[in-house]
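Before any comments, here is the structure.
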Amino acid sequence: MKKRIIGIMGAMPEEIEGIVALLKNPIALSMGKRIYFRGQINGNDTVVVFSRWGKVAAATTATTLIHEFKITELLFTGVAGAISPELKIGDVVLGKRLIQHDMDARPLMAQHEIPLLSKTYFESDTTHLDITSKAMDEVFENNCLHAIIEKEYLREFNISQPKYVVGDIASGDQFFSSNKQKQALSTQLPEVLCVEMEGAAVAQVCYEHEIPFSVIRTISDVADDQSHIDFPSFINKISSKYAAEIIKNIFKQI
């Protein structure tokens with residue numbers, strides 16, 4: 001039976017700090033301008049790493065986890081801009097399907113279709129989606145976030161009743177900071193809930209190597225002309241706490 005090794009990628013260095021703190025007997029290994037932290041969480045062999053930004057960086061990191069660290073499954077956590085009007089800052093999206101919104105090889109193939117794979121979306125493994133959903137239920141139904149995040153920080157970002165939803169996430173090498181960008185994406189891909197820069201690339205690598213994955217994104221902004229949030233502050237005060245708490249609860253389920 002293949003040994004279970006869980007890879008965890010964070011889109012911001014601050015986000016993995018709380019996860020690294022969960023590791024028992026951590027060992028840091030430098031490779032390809034990244035630091036990989038090996039250890040155990042709840043008895044499970046685990047490797048944690050900051051992915052760096054963008055599709056190429058994230059895909060490179062995922063590939064290294066698969067080939068060098070022999071991971072058998074992958075969790076990716078980070079922030080995203082809301083596309084759905086139903087999402088607010090502090091909400092979380094669990095990716096059911098991932099799509100690269102900037103992939104366009106027309107007229108050779110349909111817009112958004114990945115060359116040679118005949119796929120537009122990469123679907124999360126249903127078993128891992130269920131495990132992650134149960135962990136999210138534990139976090140959100142029991143108000144865990146209010147217990148671990150100071151009230152003044154929640155007020156600072158106007159977070160009162162955060163929720164999580166399961167749905168489509170779009171990725172591309174582009175930061176969304178205008179209503180025009182947001183509206184164009186929503187018109188092209190009306191089912192997309194949020195946008196970020198890495199998830200679908202990671203999903204493609206996992207698909208090609210038959211590695212189950214989960215992508216978890218905390219909404220940090222609404223991806224429009226008002227997307228001027230203090231990201232370092234949001235990461236340190238909010239999303240890093242989210243990431244550690246959600247990962248901790250995922251490991252309780254496995």
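A note on labels: chains of the structure tokens are A, B, ... as shown, every chain counts residues from 1, and ligands are counted from 1 in their shown order.
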
Nearby residues (only C-alpha atoms) at most 9 Å from Ile35 (chain A), same-chain spacing under 6 positions excluded, as a compact mmCIF listing (two decimals) with all heavy atoms, in the first residue's frame:
```txt
# COMPACT_ATOMS: atom_id res chain seq x y z
N ALA A 28 13.16 21.63 7.77
CA ALA A 28 13.10 22.54 6.63
C ALA A 28 14.10 22.11 5.57
O ALA A 28 15.27 21.86 5.86
CB ALA A 28 13.38 23.97 7.08
N LEU A 29 13.62 22.02 4.32
CA LEU A 29 14.47 21.64 3.20
C LEU A 29 14.34 22.69 2.10
O LEU A 29 13.24 23.04 1.69
CB LEU A 29 14.05 20.27 2.65
CG LEU A 29 14.14 19.10 3.64
CD1 LEU A 29 13.45 17.88 3.06
CD2 LEU A 29 15.60 18.78 3.94
N VAL A 48 4.73 21.09 3.90
CA VAL A 48 4.10 22.40 3.78
C VAL A 48 5.05 23.35 3.06
O VAL A 48 6.25 23.37 3.34
CB VAL A 48 3.75 22.99 5.17
CG1 VAL A 48 3.02 24.32 5.03
CG2 VAL A 48 2.92 22.00 5.98
N VAL A 49 4.50 24.16 2.13
CA VAL A 49 5.36 25.06 1.36
C VAL A 49 4.58 26.28 0.88
O VAL A 49 3.39 26.19 0.60
CB VAL A 49 5.98 24.31 0.15
CG1 VAL A 49 4.91 23.79 -0.79
CG2 VAL A 49 6.97 25.18 -0.61
N PHE A 50 5.27 27.41 0.80
CA PHE A 50 4.74 28.62 0.17
C PHE A 50 4.92 28.47 -1.33
O PHE A 50 6.03 28.30 -1.83
CB PHE A 50 5.49 29.84 0.71
CG PHE A 50 5.37 31.10 -0.12
CD1 PHE A 50 4.14 31.52 -0.61
CD2 PHE A 50 6.49 31.88 -0.39
CE1 PHE A 50 4.03 32.67 -1.38
CE2 PHE A 50 6.39 33.05 -1.13
CZ PHE A 50 5.16 33.44 -1.63
```

Original post:
What lies within 12 Å of Gln40 (chain A) using only C-alpha atoms, ignoring chain neighbours under 2 positions off, as an NGL selection string?
Top reply: :A and (4-8 or 19-27 or 37-38 or 42-48 or 248 or 251)

**OP:** Please provide the set of residues having any atom within 10 Å of Thr132 (chain A), restricted to only C-alpha atoms, with same-chain residues fewer than 3 positions apart removed, written as JSON, numbers by chain.
**Re:** {"A": [75, 94, 126, 127, 128, 129, 135, 136, 137, 138, 214, 215, 216, 246, 247, 249, 250, 251, 253, 254]}

Output all heavy atoms of each residue in that selection to a file, as a compact mmCIF listing (two decimals), in the first residue's frame.
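Ended up saving to result.txt:
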```
# COMPACT_ATOMS: atom_id res chain seq x y z
N LEU A 75 -3.47 19.81 -0.56
CA LEU A 75 -4.37 20.86 -0.10
C LEU A 75 -3.75 22.20 -0.45
O LEU A 75 -2.56 22.42 -0.23
CB LEU A 75 -4.58 20.79 1.41
CG LEU A 75 -5.13 19.47 1.99
CD1 LEU A 75 -5.07 19.50 3.51
CD2 LEU A 75 -6.55 19.26 1.51
N LEU A 94 -14.76 26.70 -1.26
CA LEU A 94 -14.13 25.41 -1.46
C LEU A 94 -14.35 25.03 -2.92
O LEU A 94 -15.49 24.94 -3.39
CB LEU A 94 -14.75 24.36 -0.53
CG LEU A 94 -14.34 22.90 -0.73
CD1 LEU A 94 -12.83 22.73 -0.62
CD2 LEU A 94 -15.05 22.01 0.29
N THR A 126 -14.24 13.74 -5.15
CA THR A 126 -15.45 13.81 -4.31
C THR A 126 -15.19 13.39 -2.86
O THR A 126 -15.76 13.97 -1.94
CB THR A 126 -16.57 12.95 -4.90
OG1 THR A 126 -16.11 11.61 -5.11
CG2 THR A 126 -17.04 13.52 -6.23
N THR A 127 -14.33 12.40 -2.67
CA THR A 127 -14.02 11.95 -1.30
C THR A 127 -13.35 13.05 -0.51
O THR A 127 -13.72 13.35 0.63
CB THR A 127 -13.13 10.70 -1.33
OG1 THR A 127 -13.81 9.64 -2.00
CG2 THR A 127 -12.78 10.26 0.10
N HIS A 128 -12.36 13.69 -1.12
CA HIS A 128 -11.65 14.77 -0.42
C HIS A 128 -12.52 16.01 -0.29
O HIS A 128 -12.40 16.76 0.68
CB HIS A 128 -10.34 15.08 -1.14
CG HIS A 128 -9.29 14.04 -0.93
ND1 HIS A 128 -9.34 12.82 -1.55
CD2 HIS A 128 -8.19 14.03 -0.14
CE1 HIS A 128 -8.29 12.10 -1.17
NE2 HIS A 128 -7.58 12.81 -0.32
N LEU A 129 -13.39 16.23 -1.25
CA LEU A 129 -14.33 17.35 -1.15
C LEU A 129 -15.25 17.15 0.05
O LEU A 129 -15.53 18.10 0.79
CB LEU A 129 -15.15 17.45 -2.44
CG LEU A 129 -15.88 18.76 -2.71
CD1 LEU A 129 -14.89 19.91 -2.90
CD2 LEU A 129 -16.76 18.63 -3.94
N ALA A 135 -14.92 19.37 7.51
CA ALA A 135 -14.02 20.20 8.31
C ALA A 135 -14.50 21.64 8.34
O ALA A 135 -14.44 22.31 9.38
CB ALA A 135 -12.60 20.12 7.76
N MET A 136 -14.98 22.13 7.21
CA MET A 136 -15.49 23.50 7.13
C MET A 136 -16.76 23.65 7.97
O MET A 136 -16.97 24.68 8.62
CB MET A 136 -15.78 23.86 5.67
CG MET A 136 -14.60 23.71 4.75
SD MET A 136 -13.48 25.10 4.79
CE MET A 136 -14.01 25.95 3.34
N ASP A 137 -17.60 22.62 7.97
CA ASP A 137 -18.79 22.64 8.81
C ASP A 137 -18.39 22.84 10.27
O ASP A 137 -18.99 23.64 11.00
CB ASP A 137 -19.58 21.32 8.69
CG ASP A 137 -20.33 21.20 7.38
OD1 ASP A 137 -20.60 22.25 6.74
OD2 ASP A 137 -20.64 20.06 6.98
N GLU A 138 -17.37 22.13 10.69
CA GLU A 138 -16.90 22.21 12.07
C GLU A 138 -16.43 23.62 12.40
O GLU A 138 -16.72 24.15 13.47
CB GLU A 138 -15.75 21.22 12.27
CG GLU A 138 -15.21 21.14 13.68
CD GLU A 138 -16.15 20.46 14.65
OE1 GLU A 138 -17.02 19.68 14.20
OE2 GLU A 138 -16.01 20.72 15.86
N SER A 214 -7.64 19.54 -2.96
CA SER A 214 -8.67 20.47 -2.50
C SER A 214 -8.10 21.88 -2.57
O SER A 214 -6.94 22.10 -2.20
CB SER A 214 -9.10 20.17 -1.06
OG SER A 214 -9.76 18.93 -0.96
N VAL A 215 -8.90 22.82 -3.06
CA VAL A 215 -8.49 24.22 -3.12
C VAL A 215 -9.45 25.03 -2.25
O VAL A 215 -10.66 24.99 -2.45
CB VAL A 215 -8.50 24.76 -4.57
CG1 VAL A 215 -8.17 26.24 -4.60
CG2 VAL A 215 -7.51 23.98 -5.43
N ILE A 216 -8.88 25.75 -1.29
CA ILE A 216 -9.68 26.49 -0.31
C ILE A 216 -9.27 27.96 -0.38
O ILE A 216 -8.09 28.29 -0.20
CB ILE A 216 -9.41 25.96 1.11
CG1 ILE A 216 -9.66 24.44 1.17
CG2 ILE A 216 -10.27 26.69 2.14
CD1 ILE A 216 -8.97 23.76 2.32
N ILE A 246 -8.77 25.61 9.54
CA ILE A 246 -9.39 24.70 8.58
C ILE A 246 -8.51 23.46 8.37
O ILE A 246 -9.01 22.33 8.38
CB ILE A 246 -9.65 25.42 7.23
CG1 ILE A 246 -10.76 26.46 7.41
CG2 ILE A 246 -10.03 24.42 6.15
CD1 ILE A 246 -10.92 27.39 6.22
N ILE A 247 -7.20 23.66 8.20
CA ILE A 247 -6.30 22.52 8.03
C ILE A 247 -6.33 21.63 9.26
O ILE A 247 -6.37 20.39 9.13
CB ILE A 247 -4.86 23.01 7.76
CG1 ILE A 247 -4.77 23.72 6.40
CG2 ILE A 247 -3.87 21.85 7.84
CD1 ILE A 247 -5.07 22.84 5.21
N ASN A 249 -8.74 21.08 11.26
CA ASN A 249 -9.98 20.31 11.26
C ASN A 249 -10.03 19.28 10.14
O ASN A 249 -10.66 18.23 10.29
CB ASN A 249 -11.18 21.25 11.19
CG ASN A 249 -11.54 21.83 12.55
OD1 ASN A 249 -12.24 21.21 13.34
ND2 ASN A 249 -11.02 23.02 12.84
N ILE A 250 -9.37 19.56 9.02
CA ILE A 250 -9.28 18.55 7.97
C ILE A 250 -8.53 17.33 8.48
O ILE A 250 -8.94 16.18 8.25
CB ILE A 250 -8.59 19.12 6.71
CG1 ILE A 250 -9.50 20.12 6.00
CG2 ILE A 250 -8.19 18.00 5.75
CD1 ILE A 250 -8.86 20.85 4.85
N PHE A 251 -7.45 17.57 9.19
CA PHE A 251 -6.65 16.45 9.70
C PHE A 251 -7.38 15.66 10.79
O PHE A 251 -7.02 14.51 11.04
CB PHE A 251 -5.29 16.95 10.19
CG PHE A 251 -4.27 17.07 9.10
CD1 PHE A 251 -4.26 18.16 8.25
CD2 PHE A 251 -3.32 16.07 8.91
CE1 PHE A 251 -3.33 18.27 7.23
CE2 PHE A 251 -2.39 16.17 7.89
CZ PHE A 251 -2.40 17.27 7.05
N GLN A 253 -10.38 14.82 10.34
CA GLN A 253 -11.31 13.99 9.56
C GLN A 253 -10.62 12.82 8.86
O GLN A 253 -11.30 11.90 8.40
CB GLN A 253 -12.01 14.87 8.48
CG GLN A 253 -12.71 16.11 8.99
CD GLN A 253 -13.98 15.79 9.74
OE1 GLN A 253 -14.65 14.81 9.47
NE2 GLN A 253 -14.31 16.63 10.70
N ILE A 254 -9.30 12.87 8.75
CA ILE A 254 -8.61 11.86 7.94
C ILE A 254 -7.83 10.86 8.80
O ILE A 254 -7.72 11.03 10.00
CB ILE A 254 -7.66 12.51 6.91
CG1 ILE A 254 -6.61 13.38 7.60
CG2 ILE A 254 -8.44 13.36 5.95
CD1 ILE A 254 -5.64 14.03 6.64
```

Original post:
Could you name the residues that touch Leu117 (chain A) at 12 Å or less, counting only C-alpha atoms, but leaving out those on the same chain fewer than 5 positions away, as a ChimeraX atom specification?
Top reply: /A:109,112,122,204-205,207-208

Original post:
From the list A:Leu98, A:Ile159, A:Leu145, A:Ala62, which residue is nearest Glu196 (chain A) when using only C-alpha atoms?
Top reply: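 Looking at the shortest contact to Glu196 (chain A), the residue is A:Leu98.
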
Subject >> One-decimal distance in Å that lies between CA of Phe213 (chain A) and CA of Gln188 (chain A) >> reply: 25.4 Å

Original post:
Between CA of Gly78 (chain A) and CA of Gly10 (chain A), what is the distance, to one decimal in Å?
Top reply: 5.7 Å

Subject >> Sel. of strand (DSSP E) residues, region 35-187 of chain A, as a PyMOL selection string >> reply: chain A and resi 35-41+44-50+73-82+92-100+121-123+164-171

**OP:** For His67 (chain A), list every protein, DNA or RNA residue within 12 Å, evaluated using only C-alpha atoms, and leave out those in the same chain fewer than 2 positions away; present the list as a ChimeraX atom specification.
**Re:** /A:5,7,60-65,69-72,205-206,209,211

Take the residues from that selection and write them out as a compact mmCIF listing (two decimals), in the first residue's frame, keeping all heavy atoms.
```txt
# COMPACT_ATOMS: atom_id res chain seq x y z
N ILE A 5 1.19 10.64 2.13
CA ILE A 5 1.94 11.86 2.42
C ILE A 5 1.12 13.03 1.90
O ILE A 5 0.80 13.09 0.70
CB ILE A 5 3.34 11.85 1.77
CG1 ILE A 5 4.14 10.61 2.20
CG2 ILE A 5 4.09 13.13 2.12
CD1 ILE A 5 5.47 10.46 1.47
N GLY A 7 0.49 16.92 0.98
CA GLY A 7 1.13 18.19 0.67
C GLY A 7 0.19 19.34 0.94
O GLY A 7 -1.01 19.25 0.68
N THR A 60 4.90 24.59 -10.62
CA THR A 60 6.24 24.10 -10.33
C THR A 60 6.31 23.52 -8.93
O THR A 60 6.89 22.45 -8.70
CB THR A 60 7.26 25.24 -10.47
OG1 THR A 60 7.26 25.71 -11.82
CG2 THR A 60 8.66 24.80 -10.09
N THR A 61 5.71 24.23 -7.98
CA THR A 61 5.72 23.77 -6.59
C THR A 61 4.97 22.46 -6.44
O THR A 61 5.42 21.54 -5.75
CB THR A 61 5.11 24.84 -5.67
OG1 THR A 61 5.73 26.11 -5.92
CG2 THR A 61 5.31 24.49 -4.20
N ALA A 62 3.80 22.37 -7.07
CA ALA A 62 3.01 21.14 -6.99
C ALA A 62 3.77 19.97 -7.59
O ALA A 62 3.75 18.85 -7.05
CB ALA A 62 1.67 21.34 -7.70
N THR A 63 4.44 20.21 -8.71
CA THR A 63 5.21 19.15 -9.36
C THR A 63 6.34 18.66 -8.47
O THR A 63 6.61 17.46 -8.37
CB THR A 63 5.76 19.65 -10.71
OG1 THR A 63 4.67 20.09 -11.54
CG2 THR A 63 6.52 18.55 -11.43
N THR A 64 7.01 19.59 -7.80
CA THR A 64 8.09 19.21 -6.88
C THR A 64 7.54 18.39 -5.73
O THR A 64 8.15 17.38 -5.32
CB THR A 64 8.80 20.46 -6.35
OG1 THR A 64 9.36 21.19 -7.44
CG2 THR A 64 9.93 20.08 -5.38
N LEU A 65 6.41 18.78 -5.19
CA LEU A 65 5.80 18.00 -4.10
C LEU A 65 5.51 16.58 -4.54
O LEU A 65 5.70 15.62 -3.78
CB LEU A 65 4.50 18.68 -3.64
CG LEU A 65 4.64 19.92 -2.77
CD1 LEU A 65 3.28 20.60 -2.60
CD2 LEU A 65 5.22 19.57 -1.40
N PHE A 69 8.82 14.83 -3.11
CA PHE A 69 8.33 14.50 -1.76
C PHE A 69 7.29 13.38 -1.76
O PHE A 69 6.82 12.97 -0.71
CB PHE A 69 7.78 15.76 -1.09
CG PHE A 69 8.84 16.79 -0.82
CD1 PHE A 69 9.11 17.79 -1.74
CD2 PHE A 69 9.60 16.74 0.35
CE1 PHE A 69 10.10 18.73 -1.50
CE2 PHE A 69 10.59 17.67 0.60
CZ PHE A 69 10.85 18.68 -0.33
N LYS A 70 6.93 12.92 -2.96
CA LYS A 70 6.06 11.75 -3.12
C LYS A 70 4.70 11.91 -2.45
O LYS A 70 4.15 10.95 -1.89
CB LYS A 70 6.75 10.48 -2.59
CG LYS A 70 8.16 10.27 -3.08
CD LYS A 70 8.24 10.18 -4.60
CE LYS A 70 9.68 9.95 -5.07
NZ LYS A 70 9.81 9.96 -6.54
N ILE A 71 4.13 13.13 -2.49
CA ILE A 71 2.83 13.32 -1.86
C ILE A 71 1.77 12.49 -2.57
O ILE A 71 1.86 12.20 -3.76
CB ILE A 71 2.40 14.81 -1.83
CG1 ILE A 71 2.18 15.35 -3.25
CG2 ILE A 71 3.41 15.65 -1.06
CD1 ILE A 71 1.44 16.66 -3.31
N THR A 72 0.75 12.12 -1.80
CA THR A 72 -0.35 11.32 -2.35
C THR A 72 -1.64 12.13 -2.45
O THR A 72 -2.61 11.66 -3.05
CB THR A 72 -0.60 10.10 -1.47
OG1 THR A 72 -0.85 10.52 -0.11
CG2 THR A 72 0.60 9.16 -1.49
N VAL A 205 -2.01 20.04 -12.68
CA VAL A 205 -0.87 19.17 -12.34
C VAL A 205 -1.36 17.93 -11.59
O VAL A 205 -0.94 16.81 -11.89
CB VAL A 205 0.16 19.94 -11.50
CG1 VAL A 205 1.25 19.00 -10.98
CG2 VAL A 205 0.80 21.06 -12.32
N CYS A 206 -2.25 18.14 -10.64
CA CYS A 206 -2.77 17.01 -9.86
C CYS A 206 -3.55 16.05 -10.75
O CYS A 206 -3.44 14.82 -10.62
CB CYS A 206 -3.65 17.52 -8.72
SG CYS A 206 -2.73 18.32 -7.38
N HIS A 209 -1.27 13.86 -12.77
CA HIS A 209 -0.53 12.88 -11.97
C HIS A 209 -1.45 12.04 -11.09
O HIS A 209 -0.98 11.27 -10.24
CB HIS A 209 0.52 13.59 -11.10
CG HIS A 209 1.66 14.16 -11.87
ND1 HIS A 209 1.61 15.41 -12.47
CD2 HIS A 209 2.88 13.65 -12.17
CE1 HIS A 209 2.75 15.65 -13.08
NE2 HIS A 209 3.54 14.60 -12.93
N ILE A 211 -3.45 12.85 -8.63
CA ILE A 211 -3.34 13.21 -7.22
C ILE A 211 -4.61 13.95 -6.80
O ILE A 211 -4.94 14.99 -7.38
CB ILE A 211 -2.11 14.13 -6.97
CG1 ILE A 211 -0.82 13.42 -7.36
CG2 ILE A 211 -2.07 14.61 -5.53
CD1 ILE A 211 -0.43 12.27 -6.46
```

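Remark: for Ala82 (chain A), the closest of the candidate residues A:Asn158, A:Asn142, A:Gln100, A:Ser220 is A:Ser220 (distances computed over only C-alpha atoms).
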
Original post:
Nearest to Asp130 (chain A): which of A:Leu185, A:Met9, A:Ala58, A:Val166 is it, counting only C-alpha atoms?
Top reply: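 Between A:Leu185, A:Met9, A:Ala58, A:Val166, the residue approaching Asp130 (chain A) most closely is A:Val166.
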
Original post:
At what distance in Å, to one decimal, does CA of Gly81 (chain A) lie from CA of Val195 (chain A)?
Top reply: 5.3 Å

Subject >> For Thr218 (chain A), the nearest of the candidates A:Ala184, A:Ile99, A:Val202, A:Val79, counting only C-alpha atoms >> reply: A:Val79

**OP:** Identify all residues of region 85-136 of chain A in helix (DSSP H, G or I) (DSSP on the backbone) and supply them as a VMD selection string.
**Re:** chain A and resid 126 to 136

Original post:
Skipping near chain neighbours, those fewer than 5 positions away, what residues fall within 12 Å of Gln174 (chain A) using only C-alpha atoms, listed as a PyMOL selection string?
Top reply: chain A and resi 53-55+80-81+100-103+181-182+185+195-198+223

Residue subset to file, keeping N, CA, C and O atoms, as a tab-separated table (two decimals), in the first residue's frame:
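File out.tsv, as written:
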```tsv
chain	number	residue	atom	x	y	z
A	53	TRP	N	3.54	33.20	-6.21
A	53	TRP	CA	2.36	33.66	-6.91
A	53	TRP	C	2.35	33.28	-8.39
A	53	TRP	O	3.39	33.27	-9.05
A	54	GLY	N	1.17	33.05	-8.91
A	54	GLY	CA	0.99	32.81	-10.33
A	54	GLY	C	0.95	31.34	-10.69
A	54	GLY	O	1.37	30.46	-9.92
A	55	LYS	N	0.44	31.06	-11.90
A	55	LYS	CA	0.20	29.68	-12.31
A	55	LYS	C	1.50	28.89	-12.47
A	55	LYS	O	1.56	27.72	-12.06
A	80	ALA	N	-8.70	35.06	-2.32
A	80	ALA	CA	-9.28	35.24	-3.65
A	80	ALA	C	-10.16	36.47	-3.65
A	80	ALA	O	-10.58	36.97	-2.60
A	81	GLY	N	-10.45	36.95	-4.87
A	81	GLY	CA	-11.39	38.05	-5.04
A	81	GLY	C	-12.76	37.50	-5.38
A	81	GLY	O	-12.90	36.59	-6.19
A	100	GLN	N	-9.04	27.74	-15.84
A	100	GLN	CA	-8.07	28.79	-16.15
A	100	GLN	C	-8.75	29.82	-17.05
A	100	GLN	O	-8.92	29.57	-18.26
A	101	HIS	N	-9.11	30.96	-16.47
A	101	HIS	CA	-9.89	31.94	-17.23
A	101	HIS	C	-9.08	32.63	-18.32
A	101	HIS	O	-9.65	33.21	-19.25
A	102	ASP	N	-7.75	32.55	-18.25
A	102	ASP	CA	-6.92	33.21	-19.26
A	102	ASP	C	-6.40	32.24	-20.33
A	102	ASP	O	-5.57	32.61	-21.16
A	103	MET	N	-6.89	31.00	-20.31
A	103	MET	CA	-6.51	30.04	-21.35
A	103	MET	C	-7.40	30.26	-22.58
A	103	MET	O	-8.62	30.17	-22.49
A	181	GLN	N	-13.05	44.16	-15.40
A	181	GLN	CA	-12.51	42.81	-15.37
A	181	GLN	C	-13.52	41.84	-14.77
A	181	GLN	O	-13.75	40.73	-15.29
A	182	LYS	N	-14.08	42.24	-13.66
A	182	LYS	CA	-15.01	41.39	-12.93
A	182	LYS	C	-16.24	41.07	-13.79
A	182	LYS	O	-16.67	39.92	-13.87
A	185	LEU	N	-15.43	38.61	-16.70
A	185	LEU	CA	-15.29	37.23	-16.26
A	185	LEU	C	-16.65	36.63	-15.92
A	185	LEU	O	-16.95	35.48	-16.29
A	195	VAL	N	-12.05	34.51	-7.98
A	195	VAL	CA	-10.91	34.48	-8.89
A	195	VAL	C	-9.61	34.61	-8.11
A	195	VAL	O	-9.53	35.36	-7.13
A	196	GLU	N	-8.59	33.87	-8.57
A	196	GLU	CA	-7.27	33.91	-7.94
A	196	GLU	C	-6.22	33.59	-9.00
A	196	GLU	O	-6.53	33.62	-10.19
A	197	MET	N	-4.99	33.25	-8.58
A	197	MET	CA	-3.91	33.16	-9.56
A	197	MET	C	-3.19	31.81	-9.61
A	197	MET	O	-2.18	31.69	-10.32
A	198	GLU	N	-3.67	30.80	-8.88
A	198	GLU	CA	-2.91	29.56	-8.83
A	198	GLU	C	-3.72	28.26	-8.90
A	198	GLU	O	-3.25	27.25	-9.43
A	223	ALA	N	-12.82	42.10	-5.83
A	223	ALA	CA	-12.29	42.06	-7.20
A	223	ALA	C	-12.81	43.18	-8.09
A	223	ALA	O	-13.12	42.96	-9.26
```

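Comparing A:Thr120, A:Asn143, A:Ser233, A:Ser160 by their smallest distance to Asp104 (chain A), the closest is A:Thr120 (using only C-alpha atoms).
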